[in-house]
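*Asks:* Input start20.pdb, format and content: PDB, C-alpha atoms.
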```
MODEL        1
ATOM      1  CA  MET A   1      -2.600   4.189 -44.938  1.00  0.00           C
ATOM      2  CA  SER A   2       0.191   1.643 -44.674  1.00  0.00           C
ATOM      3  CA  LEU A   3       2.790  -0.087 -46.791  1.00  0.00           C
ATOM      4  CA  LYS A   4       0.422  -3.031 -47.040  1.00  0.00           C
ATOM      5  CA  ARG A   5      -1.646  -0.840 -49.354  1.00  0.00           C
ATOM      6  CA  LEU A   6       1.091   1.139 -51.057  1.00  0.00           C
ATOM      7  CA  GLY A   7       1.064  -1.048 -54.136  1.00  0.00           C
ATOM      8  CA  SER A   8      -2.587  -0.362 -54.879  1.00  0.00           C
ATOM      9  CA  GLU A   9      -3.309   3.014 -53.299  1.00  0.00           C
ATOM     10  CA  LEU A  10      -0.099   5.025 -53.064  1.00  0.00           C
ATOM     11  CA  LEU A  11       1.881   4.837 -56.287  1.00  0.00           C
ATOM     12  CA  ASP A  12       3.780   8.065 -55.811  1.00  0.00           C
ATOM     13  CA  LEU A  13       5.230  10.307 -53.103  1.00  0.00           C
ATOM     14  CA  SER A  14       2.676  13.069 -53.554  1.00  0.00           C
ATOM     15  CA  GLY A  15       2.172  14.970 -50.328  1.00  0.00           C
ATOM     16  CA  PHE A  16       5.457  13.759 -48.847  1.00  0.00           C
ATOM     17  CA  LYS A  17       7.035  16.413 -46.641  1.00  0.00           C
ATOM     18  CA  ILE A  18      10.522  16.061 -45.187  1.00  0.00           C
ATOM     19  CA  GLU A  19      10.862  16.917 -41.507  1.00  0.00           C
ATOM     20  CA  SER A  20      14.525  16.136 -40.911  1.00  0.00           C
ATOM     21  CA  LEU A  21      17.611  14.355 -42.161  1.00  0.00           C
ATOM     22  CA  LEU A  22      18.069  11.290 -39.949  1.00  0.00           C
ATOM     23  CA  ASN A  23      21.356  10.001 -41.263  1.00  0.00           C
ATOM     24  CA  THR A  24      24.068  10.468 -43.857  1.00  0.00           C
ATOM     25  CA  ASP A  25      26.109   7.347 -44.587  1.00  0.00           C
ATOM     26  CA  SER A  26      29.254   8.390 -46.425  1.00  0.00           C
ATOM     27  CA  ARG A  27      30.285   4.771 -47.136  1.00  0.00           C
ATOM     28  CA  SER A  28      27.133   3.954 -49.111  1.00  0.00           C
ATOM     29  CA  ASN A  29      26.449   7.579 -50.078  1.00  0.00           C
ATOM     30  CA  ARG A  30      22.983   7.092 -48.556  1.00  0.00           C
ATOM     31  CA  LEU A  31      20.632   9.699 -47.119  1.00  0.00           C
ATOM     32  CA  THR A  32      17.760   8.812 -44.794  1.00  0.00           C
ATOM     33  CA  PHE A  33      14.909  11.262 -44.238  1.00  0.00           C
ATOM     34  CA  LEU A  34      12.046  11.442 -41.757  1.00  0.00           C
ATOM     35  CA  GLY A  35       8.809  12.899 -42.997  1.00  0.00           C
ATOM     36  CA  HIS A  36       5.045  12.563 -43.274  1.00  0.00           C
ATOM     37  CA  PHE A  37       2.321  12.630 -45.895  1.00  0.00           C
ATOM     38  CA  GLY A  38       0.154  15.722 -46.217  1.00  0.00           C
ATOM     39  CA  ALA A  39      -1.434  17.014 -43.020  1.00  0.00           C
ATOM     40  CA  ASP A  40      -0.991  13.725 -41.156  1.00  0.00           C
ATOM     41  CA  GLU A  41       2.071  14.742 -39.177  1.00  0.00           C
ATOM     42  CA  ASP A  42       1.577  11.983 -36.596  1.00  0.00           C
ATOM     43  CA  SER A  43       2.091   9.128 -39.091  1.00  0.00           C
ATOM     44  CA  LYS A  44       5.810   9.153 -39.767  1.00  0.00           C
ATOM     45  CA  VAL A  45       7.510   7.817 -42.879  1.00  0.00           C
ATOM     46  CA  ILE A  46      11.198   7.010 -43.331  1.00  0.00           C
ATOM     47  CA  VAL A  47      12.591   7.358 -46.855  1.00  0.00           C
ATOM     48  CA  SER A  48      16.130   6.218 -47.609  1.00  0.00           C
ATOM     49  CA  ILE A  49      17.958   6.723 -50.883  1.00  0.00           C
ATOM     50  CA  GLY A  50      21.500   5.698 -51.727  1.00  0.00           C
ATOM     51  CA  ASN A  51      24.195   6.372 -54.314  1.00  0.00           C
ATOM     52  CA  ARG A  52      22.751   9.799 -54.931  1.00  0.00           C
ATOM     53  CA  PRO A  53      24.310  11.560 -57.948  1.00  0.00           C
ATOM     54  CA  VAL A  54      22.965  15.065 -57.208  1.00  0.00           C
ATOM     55  CA  ASP A  55      23.250  17.638 -54.444  1.00  0.00           C
ATOM     56  CA  ASN A  56      21.052  17.370 -51.380  1.00  0.00           C
ATOM     57  CA  ASN A  57      18.881  20.397 -52.149  1.00  0.00           C
ATOM     58  CA  TYR A  58      17.878  18.990 -55.534  1.00  0.00           C
ATOM     59  CA  LEU A  59      17.265  15.570 -54.010  1.00  0.00           C
ATOM     60  CA  ILE A  60      14.963  17.016 -51.330  1.00  0.00           C
ATOM     61  CA  SER A  61      12.940  19.039 -53.839  1.00  0.00           C
ATOM     62  CA  TRP A  62      12.732  15.989 -56.092  1.00  0.00           C
ATOM     63  CA  LEU A  63      11.405  13.732 -53.320  1.00  0.00           C
ATOM     64  CA  GLU A  64       8.865  16.369 -52.276  1.00  0.00           C
ATOM     65  CA  SER A  65       7.684  16.802 -55.868  1.00  0.00           C
ATOM     66  CA  GLY A  66       5.746  13.546 -55.586  1.00  0.00           C
ATOM     67  CA  PRO A  67       7.576  11.277 -58.071  1.00  0.00           C
ATOM     68  CA  ALA A  68       5.888   8.041 -59.146  1.00  0.00           C
ATOM     69  CA  LEU A  69       6.754   4.790 -57.387  1.00  0.00           C
ATOM     70  CA  LYS A  70       7.257   1.401 -59.005  1.00  0.00           C
ATOM     71  CA  PRO A  71       7.036  -1.339 -56.352  1.00  0.00           C
ATOM     72  CA  VAL A  72       9.985  -3.753 -56.213  1.00  0.00           C
ATOM     73  CA  LEU A  73       9.425  -5.356 -52.812  1.00  0.00           C
ATOM     74  CA  GLN A  74       6.663  -4.910 -50.233  1.00  0.00           C
ATOM     75  CA  ASN A  75       6.401  -6.745 -46.929  1.00  0.00           C
ATOM     76  CA  ASP A  76       4.330  -5.453 -44.025  1.00  0.00           C
ATOM     77  CA  ILE A  77       5.447  -1.853 -43.335  1.00  0.00           C
ATOM     78  CA  TYR A  78       8.655  -2.113 -45.383  1.00  0.00           C
ATOM     79  CA  GLY A  79       9.076  -1.581 -49.103  1.00  0.00           C
ATOM     80  CA  SER A  80      11.575  -0.912 -51.858  1.00  0.00           C
ATOM     81  CA  PHE A  81      10.560   1.101 -54.899  1.00  0.00           C
ATOM     82  CA  LEU A  82      11.993   2.429 -58.130  1.00  0.00           C
ATOM     83  CA  ILE A  83      11.438   6.041 -59.042  1.00  0.00           C
ATOM     84  CA  PRO A  84      11.440   6.392 -62.856  1.00  0.00           C
ATOM     85  CA  ALA A  85      14.119   8.435 -64.547  1.00  0.00           C
ATOM     86  CA  ASN A  86      13.754  12.143 -65.300  1.00  0.00           C
ATOM     87  CA  PRO A  87      16.001  14.490 -67.324  1.00  0.00           C
ATOM     88  CA  ASN A  88      18.302  14.963 -64.317  1.00  0.00           C
ATOM     89  CA  LEU A  89      18.247  11.517 -62.740  1.00  0.00           C
ATOM     90  CA  SER A  90      18.391   7.902 -63.832  1.00  0.00           C
ATOM     91  CA  GLU A  91      15.968   5.355 -62.364  1.00  0.00           C
ATOM     92  CA  TYR A  92      16.472   5.336 -58.629  1.00  0.00           C
ATOM     93  CA  LYS A  93      15.748   2.906 -55.757  1.00  0.00           C
ATOM     94  CA  VAL A  94      14.252   4.147 -52.498  1.00  0.00           C
ATOM     95  CA  ASP A  95      13.446   2.215 -49.327  1.00  0.00           C
ATOM     96  CA  ILE A  96      10.364   3.232 -47.366  1.00  0.00           C
ATOM     97  CA  THR A  97       9.139   2.370 -43.875  1.00  0.00           C
ATOM     98  CA  PHE A  98       5.547   3.435 -43.195  1.00  0.00           C
ATOM     99  CA  PRO A  99       4.167   3.943 -40.653  1.00  0.00           C
ATOM    100  CA  ALA A 100       7.460   4.267 -38.782  1.00  0.00           C
ATOM    101  CA  THR A 101       7.519   3.860 -35.007  1.00  0.00           C
ATOM    102  CA  ASP A 102       9.830   5.606 -32.576  1.00  0.00           C
ATOM    103  CA  LEU A 103      12.035   2.489 -32.600  1.00  0.00           C
ATOM    104  CA  HIS A 104      12.333   2.627 -36.397  1.00  0.00           C
ATOM    105  CA  ILE A 105      13.241   6.301 -36.237  1.00  0.00           C
ATOM    106  CA  LYS A 106      15.846   5.750 -33.529  1.00  0.00           C
ATOM    107  CA  LYS A 107      17.384   2.878 -35.487  1.00  0.00           C
ATOM    108  CA  ALA A 108      17.589   5.006 -38.651  1.00  0.00           C
ATOM    109  CA  GLN A 109      19.291   7.919 -36.906  1.00  0.00           C
ATOM    110  CA  ALA A 110      23.039   8.389 -36.935  1.00  0.00           C
ATOM    111  CA  GLN A 111      24.442   6.495 -33.978  1.00  0.00           C
ATOM    112  CA  LYS A 112      27.554   6.919 -31.901  1.00  0.00           C
ATOM    113  CA  LEU A 113      29.195   3.496 -32.049  1.00  0.00           C
ATOM    114  CA  VAL A 114      31.090   1.909 -29.181  1.00  0.00           C
ATOM    115  CA  ILE A 115      32.455  -1.565 -28.472  1.00  0.00           C
ATOM    116  CA  VAL A 116      30.897  -3.317 -25.479  1.00  0.00           C
ATOM    117  CA  SER A 117      31.907  -6.558 -23.775  1.00  0.00           C
ATOM    118  CA  GLU A 118      28.597  -8.185 -22.881  1.00  0.00           C
ATOM    119  CA  SER A 119      28.594 -10.764 -20.101  1.00  0.00           C
ATOM    120  CA  ALA A 120      25.883 -13.373 -19.644  1.00  0.00           C
ATOM    121  CA  GLU A 121      24.664 -11.294 -16.705  1.00  0.00           C
ATOM    122  CA  ASP A 122      24.473  -8.189 -18.887  1.00  0.00           C
ATOM    123  CA  TYR A 123      22.470 -10.116 -21.460  1.00  0.00           C
ATOM    124  CA  ASN A 124      20.027 -11.546 -18.931  1.00  0.00           C
ATOM    125  CA  ASN A 125      19.548  -8.301 -17.004  1.00  0.00           C
ATOM    126  CA  VAL A 126      19.633  -5.733 -19.797  1.00  0.00           C
ATOM    127  CA  LEU A 127      19.230  -7.051 -23.329  1.00  0.00           C
ATOM    128  CA  LEU A 128      16.888  -9.986 -22.795  1.00  0.00           C
ATOM    129  CA  PRO A 129      14.196  -7.859 -21.062  1.00  0.00           C
ATOM    130  CA  PHE A 130      14.420  -5.441 -24.001  1.00  0.00           C
ATOM    131  CA  ILE A 131      14.008  -8.279 -26.517  1.00  0.00           C
ATOM    132  CA  THR A 132      11.007  -9.740 -24.708  1.00  0.00           C
ATOM    133  CA  SER A 133       9.402  -6.295 -24.554  1.00  0.00           C
ATOM    134  CA  LEU A 134       9.347  -5.976 -28.331  1.00  0.00           C
ATOM    135  CA  PRO A 135       5.898  -6.561 -29.866  1.00  0.00           C
ATOM    136  CA  GLU A 136       5.550  -9.659 -32.035  1.00  0.00           C
ATOM    137  CA  SER A 137       4.443  -7.398 -34.867  1.00  0.00           C
ATOM    138  CA  ARG A 138       8.074  -6.293 -35.217  1.00  0.00           C
ATOM    139  CA  LEU A 139       8.766  -9.701 -36.779  1.00  0.00           C
ATOM    140  CA  GLN A 140       5.634  -9.924 -38.924  1.00  0.00           C
ATOM    141  CA  TRP A 141       7.631  -9.329 -42.093  1.00  0.00           C
ATOM    142  CA  VAL A 142       9.855 -12.323 -41.180  1.00  0.00           C
ATOM    143  CA  TYR A 143       6.820 -14.527 -40.554  1.00  0.00           C
ATOM    144  CA  ASN A 144       5.347 -13.380 -43.884  1.00  0.00           C
ATOM    145  CA  ILE A 145       8.471 -14.735 -45.589  1.00  0.00           C
ATOM    146  CA  LEU A 146       8.511 -18.019 -43.661  1.00  0.00           C
ATOM    147  CA  GLU A 147       4.793 -18.573 -44.318  1.00  0.00           C
ATOM    148  CA  LYS A 148       5.286 -17.713 -48.013  1.00  0.00           C
ATOM    149  CA  LYS A 149       2.858 -14.827 -47.837  1.00  0.00           C
ATOM    150  CA  LYS A 150       5.432 -12.351 -49.138  1.00  0.00           C
ATOM    151  CA  GLU A 151       8.579 -12.379 -51.295  1.00  0.00           C
ATOM    152  CA  VAL A 152       7.924 -15.882 -52.612  1.00  0.00           C
ATOM    153  CA  GLU A 153       9.211 -14.841 -56.037  1.00  0.00           C
ATOM    154  CA  ARG A 154      12.538 -13.836 -54.442  1.00  0.00           C
ATOM    155  CA  MET A 155      13.115 -17.111 -52.594  1.00  0.00           C
ATOM    156  CA  ILE A 156      16.367 -18.810 -53.622  1.00  0.00           C
ATOM    157  CA  PHE A 157      16.014 -21.988 -51.570  1.00  0.00           C
ATOM    158  CA  HIS A 158      13.800 -23.545 -48.889  1.00  0.00           C
ATOM    159  CA  ASP A 159      14.497 -26.487 -46.616  1.00  0.00           C
ATOM    160  CA  PRO A 160      11.154 -27.085 -44.838  1.00  0.00           C
ATOM    161  CA  ASP A 161      12.521 -29.157 -41.956  1.00  0.00           C
ATOM    162  CA  SER A 162      11.045 -27.708 -38.749  1.00  0.00           C
ATOM    163  CA  MET A 163      14.241 -28.095 -36.722  1.00  0.00           C
ATOM    164  CA  THR A 164      17.147 -27.688 -39.149  1.00  0.00           C
ATOM    165  CA  GLY A 165      15.485 -26.012 -42.120  1.00  0.00           C
ATOM    166  CA  PHE A 166      15.710 -22.450 -43.392  1.00  0.00           C
ATOM    167  CA  MET A 167      14.834 -20.094 -46.227  1.00  0.00           C
ATOM    168  CA  LEU A 168      17.494 -18.386 -48.319  1.00  0.00           C
ATOM    169  CA  HIS A 169      16.572 -14.980 -49.751  1.00  0.00           C
ATOM    170  CA  PRO A 170      18.509 -12.131 -51.344  1.00  0.00           C
ATOM    171  CA  ASP A 171      19.054  -9.313 -48.897  1.00  0.00           C
ATOM    172  CA  GLN A 172      17.173  -6.132 -49.665  1.00  0.00           C
ATOM    173  CA  LYS A 173      20.502  -4.377 -50.259  1.00  0.00           C
ATOM    174  CA  TRP A 174      21.468  -6.709 -53.140  1.00  0.00           C
ATOM    175  CA  ASP A 175      20.246  -5.995 -56.674  1.00  0.00           C
ATOM    176  CA  CYS A 176      20.322  -9.737 -57.561  1.00  0.00           C
ATOM    177  CA  THR A 177      22.498  -9.094 -60.602  1.00  0.00           C
ATOM    178  CA  ASP A 178      25.973  -7.957 -59.502  1.00  0.00           C
ATOM    179  CA  LEU A 179      27.732 -11.022 -58.067  1.00  0.00           C
ATOM    180  CA  GLU A 180      30.511  -8.825 -56.653  1.00  0.00           C
ATOM    181  CA  THR A 181      27.962  -7.474 -54.171  1.00  0.00           C
ATOM    182  CA  LEU A 182      26.060 -10.733 -53.572  1.00  0.00           C
ATOM    183  CA  TYR A 183      24.269 -10.578 -50.237  1.00  0.00           C
ATOM    184  CA  CYS A 184      21.823 -13.264 -49.115  1.00  0.00           C
ATOM    185  CA  VAL A 185      20.229 -14.118 -45.789  1.00  0.00           C
ATOM    186  CA  ALA A 186      19.246 -17.527 -44.432  1.00  0.00           C
ATOM    187  CA  ILE A 187      16.270 -17.277 -42.063  1.00  0.00           C
ATOM    188  CA  VAL A 188      15.794 -20.365 -39.896  1.00  0.00           C
ATOM    189  CA  ASN A 189      12.356 -21.959 -39.708  1.00  0.00           C
ATOM    190  CA  ARG A 190      12.465 -22.223 -35.918  1.00  0.00           C
ATOM    191  CA  ARG A 191      10.893 -19.356 -34.007  1.00  0.00           C
ATOM    192  CA  ASP A 192      12.457 -20.102 -30.629  1.00  0.00           C
ATOM    193  CA  LEU A 193      15.919 -18.828 -31.585  1.00  0.00           C
ATOM    194  CA  GLN A 194      16.462 -15.081 -31.435  1.00  0.00           C
ATOM    195  CA  SER A 195      20.219 -14.667 -31.769  1.00  0.00           C
ATOM    196  CA  ILE A 196      23.521 -16.480 -31.239  1.00  0.00           C
ATOM    197  CA  ARG A 197      22.890 -16.103 -27.502  1.00  0.00           C
ATOM    198  CA  ASP A 198      20.323 -18.922 -27.793  1.00  0.00           C
ATOM    199  CA  LEU A 199      22.657 -21.389 -29.500  1.00  0.00           C
ATOM    200  CA  ASN A 200      24.202 -24.424 -27.839  1.00  0.00           C
ATOM    201  CA  ALA A 201      25.541 -27.839 -28.844  1.00  0.00           C
ATOM    202  CA  SER A 202      22.046 -29.080 -29.680  1.00  0.00           C
ATOM    203  CA  HIS A 203      21.924 -26.633 -32.614  1.00  0.00           C
ATOM    204  CA  ILE A 204      25.032 -27.898 -34.412  1.00  0.00           C
ATOM    205  CA  ALA A 205      22.927 -29.851 -36.919  1.00  0.00           C
ATOM    206  CA  LEU A 206      20.979 -26.685 -37.761  1.00  0.00           C
ATOM    207  CA  LEU A 207      24.113 -24.604 -38.261  1.00  0.00           C
ATOM    208  CA  GLU A 208      25.854 -27.262 -40.347  1.00  0.00           C
ATOM    209  CA  ASN A 209      22.775 -27.637 -42.525  1.00  0.00           C
ATOM    210  CA  VAL A 210      22.454 -23.897 -43.162  1.00  0.00           C
ATOM    211  CA  TYR A 211      26.157 -23.610 -43.975  1.00  0.00           C
ATOM    212  CA  LYS A 212      26.439 -26.673 -46.219  1.00  0.00           C
ATOM    213  CA  GLN A 213      23.177 -26.251 -48.126  1.00  0.00           C
ATOM    214  CA  GLY A 214      23.466 -22.468 -48.328  1.00  0.00           C
ATOM    215  CA  CYS A 215      26.956 -22.630 -49.830  1.00  0.00           C
ATOM    216  CA  ALA A 216      25.961 -25.435 -52.222  1.00  0.00           C
ATOM    217  CA  VAL A 217      22.911 -23.556 -53.489  1.00  0.00           C
ATOM    218  CA  LEU A 218      24.846 -20.325 -54.048  1.00  0.00           C
ATOM    219  CA  GLU A 219      27.525 -22.214 -55.977  1.00  0.00           C
ATOM    220  CA  GLU A 220      24.893 -23.958 -58.091  1.00  0.00           C
ATOM    221  CA  LYS A 221      22.905 -20.808 -58.858  1.00  0.00           C
ATOM    222  CA  PHE A 222      25.607 -18.145 -58.973  1.00  0.00           C
ATOM    223  CA  GLY A 223      28.891 -20.012 -59.434  1.00  0.00           C
ATOM    224  CA  LEU A 224      30.461 -18.802 -56.194  1.00  0.00           C
ATOM    225  CA  LYS A 225      32.489 -21.432 -54.374  1.00  0.00           C
ATOM    226  CA  LYS A 226      32.499 -21.804 -50.612  1.00  0.00           C
ATOM    227  CA  SER A 227      35.921 -20.132 -50.475  1.00  0.00           C
ATOM    228  CA  GLN A 228      34.380 -17.051 -52.106  1.00  0.00           C
ATOM    229  CA  LEU A 229      31.678 -16.640 -49.477  1.00  0.00           C
ATOM    230  CA  ARG A 230      31.704 -15.008 -46.080  1.00  0.00           C
ATOM    231  CA  VAL A 231      29.107 -16.663 -43.831  1.00  0.00           C
ATOM    232  CA  TYR A 232      28.444 -15.008 -40.482  1.00  0.00           C
ATOM    233  CA  PHE A 233      26.107 -13.725 -37.783  1.00  0.00           C
ATOM    234  CA  HIS A 234      25.622 -10.166 -36.640  1.00  0.00           C
ATOM    235  CA  TYR A 235      25.568  -9.515 -32.930  1.00  0.00           C
ATOM    236  CA  ILE A 236      23.671  -7.532 -31.875  1.00  0.00           C
ATOM    237  CA  PRO A 237      21.382  -8.467 -34.802  1.00  0.00           C
ATOM    238  CA  SER A 238      19.110  -6.018 -36.566  1.00  0.00           C
ATOM    239  CA  TYR A 239      16.093  -8.212 -35.725  1.00  0.00           C
ATOM    240  CA  TYR A 240      15.602 -10.972 -33.199  1.00  0.00           C
ATOM    241  CA  HIS A 241      14.891 -14.053 -35.279  1.00  0.00           C
ATOM    242  CA  LEU A 242      17.974 -16.162 -35.943  1.00  0.00           C
ATOM    243  CA  HIS A 243      19.420 -15.524 -39.396  1.00  0.00           C
ATOM    244  CA  ILE A 244      22.759 -15.998 -41.104  1.00  0.00           C
ATOM    245  CA  HIS A 245      24.407 -13.718 -43.675  1.00  0.00           C
ATOM    246  CA  PHE A 246      26.022 -14.951 -46.902  1.00  0.00           C
ATOM    247  CA  THR A 247      28.091 -12.375 -48.796  1.00  0.00           C
ATOM    248  CA  ASN A 248      30.729 -12.338 -51.511  1.00  0.00           C
ATOM    249  CA  VAL A 249      34.143 -11.961 -49.873  1.00  0.00           C
ATOM    250  CA  HIS A 250      34.708  -8.956 -52.153  1.00  0.00           C
TER     251      HIS A 250
ENDMDL
END
```
For this file, write the structure as C-alpha cells.
*Replies:*
Amino acid sequence: MSLKRLGSELLDLSGFKIESLLNTDSRSNRLTFLGHFGADEDSKVIVSIGNRPVDNNYLISWLESGPALKPVLQNDIYGSFLIPANPNLSEYKVDITFPATDLHIKKAQAQKLVIVSESAEDYNNVLLPFITSLPESRLQWVYNILEKKKEVERMIFHDPDSMTGFMLHPDQKWDCTDLETLYCVAIVNRRDLQSIRDLNASHIALLENVYKQGCAVLEEKFGLKKSQLRVYFHYIPSYYHLHIHFTNVH
C-alpha cells in the first residue's frame, strides 16, 4: 500500500489508528498525527489537519472512524485530500504522507528552533555529507512535477530552458482561490543545484529569469504586482532541489 495507489484503492481512512501526536502548530491551528493502518504497525502514516474547529478528542475519534477521502493532490508518497462534511464538521482538508520514513517523522515532530551561523567549513563538513546521503527517491515527487508526470493540471507556468527555465506551481498550502494567502513555488529545471549554497555569478541569468517571469505571470494571472510579492529562498530548505517562493506580502 502506498500513496501512489491511494486514489484507486484507499478512498477512506478505515483502519487508521493514531499512535501519537507529533506536533501542534498554534499559528496555523494544525495538528499532525503519527499512526498506521490496521495491523500493519510497521508502515507508518502521517496525517496532518489544520484550522480545526473542534476539540482534539472529537477530532481523533473522527479520524479513526474511517471517513471517506476525496483526492485533491497525489504525488509519490504525498497527498492532500478532502474529507466530506458531516453534521459536526464542514468539508476538511488533510495532508497524508504514506509510507512515512523516520526522516519524515522527525521532520513532522515539534522542533526546538535555534539560530546557527553556518560557515563554509560547517557546510562542507556537516551539511553537505548529510545532503549527499539522502536517497534520490526523496526528490521523486519533484522529478514527477518536472517531467509532467504529476500535478500537470496545477502548473501555472513552464519555461523549458534547460539552464534558466523553471516551473511555477501553487504551493500545497495555498487553496488557489484566496489571493491574500497566495503561495507559489518556482522549481528550477536544473538538477545540479540543491540550495543557495550552490549559487554563484554564473547563475545570475537563472535567478533573473525566475524573478522576472515569475512576477510577470502572477501579475497576469492573479493581478498582483511585483511590489505585492515577496520572493525568497528558504535556508535550510525543506528539500534539496533549488526552488524559490512567491507569496503575497500580506
*Asks:* Could you name the residues that touch Gln213 in chain A at 12 Å or less, counting only C-alpha atoms, but leaving out those on the same chain fewer than 2 positions away, as a PyMOL selection string?
*Replies:* chain A and resi 156-159+164-168+186+205-211+215-220+226+246
*Asks:* Decode the PyMOL selection byres ((chain A and resi 243) around 8) for the given file into explicit residues and return them as a JSON list (two decimals) with C-alpha atoms, keeping the file's coordinate frame.
*Replies:*
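out_8.json was written with the following content:
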```
[["chain", "number", "residue", "atom", "x", "y", "z"],
["A", 185, "VAL", "CA", 20.23, -14.12, -45.79],
["A", 186, "ALA", "CA", 19.25, -17.53, -44.43],
["A", 187, "ILE", "CA", 16.27, -17.28, -42.06],
["A", 188, "VAL", "CA", 15.79, -20.36, -39.90],
["A", 195, "SER", "CA", 20.22, -14.67, -31.77],
["A", 233, "PHE", "CA", 26.11, -13.72, -37.78],
["A", 241, "HIS", "CA", 14.89, -14.05, -35.28],
["A", 242, "LEU", "CA", 17.97, -16.16, -35.94],
["A", 244, "ILE", "CA", 22.76, -16.00, -41.10],
["A", 245, "HIS", "CA", 24.41, -13.72, -43.68]]
```
*Asks:* One number please: CA of Asp175 in chain A to CA of Pro67 in chain A, in Å, one decimal.
*Replies:* 21.5 Å
*Asks:* Carefully work through the PyMOL selection byres ((chain A and resi 23) around 7) for this structure and note down the residues it includes, as a PyMOL selection string.
*Replies:* chain A and resi 21-22+24-25+31-32+108-110
*Asks:* Report the distance between CA of Gln228 in chain A and CA of His169 in chain A in Å, rounded to one decimal place.
*Replies:* 18.1 Å
*Asks:* Could you write out as JSON the box around range 43-49 of chain A (axis-aligned, all atoms listed in the file, 8 Å on each side), with centre and edge lengths in Å to one decimal?
*Replies:*
```
{"center_x": 10.0, "center_y": 7.7, "center_z": -45.0, "size_x": 31.9, "size_y": 18.9, "size_z": 27.8}
```
*Asks:* Any chance you could work out the residue set of the PyMOL selection byres ((chain A and resi 170) around 7) here, as a ChimeraX atom specification?
*Replies:* /A:154,169,171-172,174,176,183-185
*Asks:* Return as JSON lines the residues of range 118-215 of chain A lying at most 12 Å from range 98-105 of chain A, together with the closest atom-to-atom pair for each and the distance in Å to one decimal, counting only C-alpha atoms, with rows in chain order and ascending residue number.
*Replies:*
```
{"residue": "A:Phe130", "atom": "CA", "partner": "A:Leu103", "partner_atom": "CA", "distance": 11.9}
{"residue": "A:Leu134", "atom": "CA", "partner": "A:Leu103", "partner_atom": "CA", "distance": 9.9}
{"residue": "A:Pro135", "atom": "CA", "partner": "A:Leu103", "partner_atom": "CA", "distance": 11.3}
{"residue": "A:Ser137", "atom": "CA", "partner": "A:Thr101", "partner_atom": "CA", "distance": 11.7}
{"residue": "A:Arg138", "atom": "CA", "partner": "A:His104", "partner_atom": "CA", "distance": 10.0}
```
*Asks:* How far is it from CA of Asn29 in chain A to CA of Ile236 in chain A, in Å with one decimal?
*Replies:*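 A separation of 23.8 Å between them.
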*Asks:* Supply range 78-82 of chain A as an mmCIF file, keeping the file's coordinate frame, with all heavy atoms built in where the input has gaps.
*Replies:*
```cif
data_model
loop_
_atom_site.group_PDB
_atom_site.id
_atom_site.type_symbol
_atom_site.label_atom_id
_atom_site.label_comp_id
_atom_site.auth_asym_id
_atom_site.auth_seq_id
_atom_site.Cartn_x
_atom_site.Cartn_y
_atom_site.Cartn_z
ATOM 1 N N TYR A 78 7.391 -2.396 -44.690
ATOM 2 C CA TYR A 78 8.655 -2.113 -45.383
ATOM 3 C C TYR A 78 8.472 -2.285 -46.893
ATOM 4 O O TYR A 78 7.747 -3.172 -47.352
ATOM 5 C CB TYR A 78 9.761 -3.051 -44.906
ATOM 6 C CG TYR A 78 9.937 -3.067 -43.408
ATOM 7 C CD1 TYR A 78 9.404 -4.103 -42.643
ATOM 8 C CD2 TYR A 78 10.618 -2.047 -42.754
ATOM 9 C CE1 TYR A 78 9.558 -4.125 -41.263
ATOM 10 C CE2 TYR A 78 10.774 -2.063 -41.382
ATOM 11 C CZ TYR A 78 10.237 -3.095 -40.641
ATOM 12 O OH TYR A 78 10.374 -3.118 -39.271
ATOM 13 N N GLY A 79 9.146 -1.447 -47.658
ATOM 14 C CA GLY A 79 9.076 -1.581 -49.103
ATOM 15 C C GLY A 79 10.264 -0.957 -49.802
ATOM 16 O O GLY A 79 10.896 -0.029 -49.287
ATOM 17 N N SER A 80 10.567 -1.493 -50.975
ATOM 18 C CA SER A 80 11.575 -0.912 -51.858
ATOM 19 C C SER A 80 10.878 -0.556 -53.165
ATOM 20 O O SER A 80 10.063 -1.337 -53.670
ATOM 21 C CB SER A 80 12.709 -1.905 -52.120
ATOM 22 O OG SER A 80 13.426 -2.172 -50.935
ATOM 23 N N PHE A 81 11.230 0.593 -53.711
ATOM 24 C CA PHE A 81 10.560 1.101 -54.899
ATOM 25 C C PHE A 81 11.574 1.715 -55.859
ATOM 26 O O PHE A 81 12.634 2.174 -55.436
ATOM 27 C CB PHE A 81 9.521 2.168 -54.518
ATOM 28 C CG PHE A 81 8.477 1.696 -53.556
ATOM 29 C CD1 PHE A 81 8.722 1.701 -52.192
ATOM 30 C CD2 PHE A 81 7.258 1.220 -54.013
ATOM 31 C CE1 PHE A 81 7.769 1.252 -51.293
ATOM 32 C CE2 PHE A 81 6.296 0.770 -53.117
ATOM 33 C CZ PHE A 81 6.556 0.780 -51.764
ATOM 34 N N LEU A 82 11.223 1.705 -57.124
ATOM 35 C CA LEU A 82 11.993 2.429 -58.130
ATOM 36 C C LEU A 82 11.252 3.697 -58.491
ATOM 37 O O LEU A 82 10.035 3.690 -58.674
ATOM 38 C CB LEU A 82 12.193 1.559 -59.375
ATOM 39 C CG LEU A 82 13.099 0.341 -59.219
ATOM 40 C CD1 LEU A 82 13.129 -0.457 -60.510
ATOM 41 C CD2 LEU A 82 14.514 0.748 -58.820
#
```
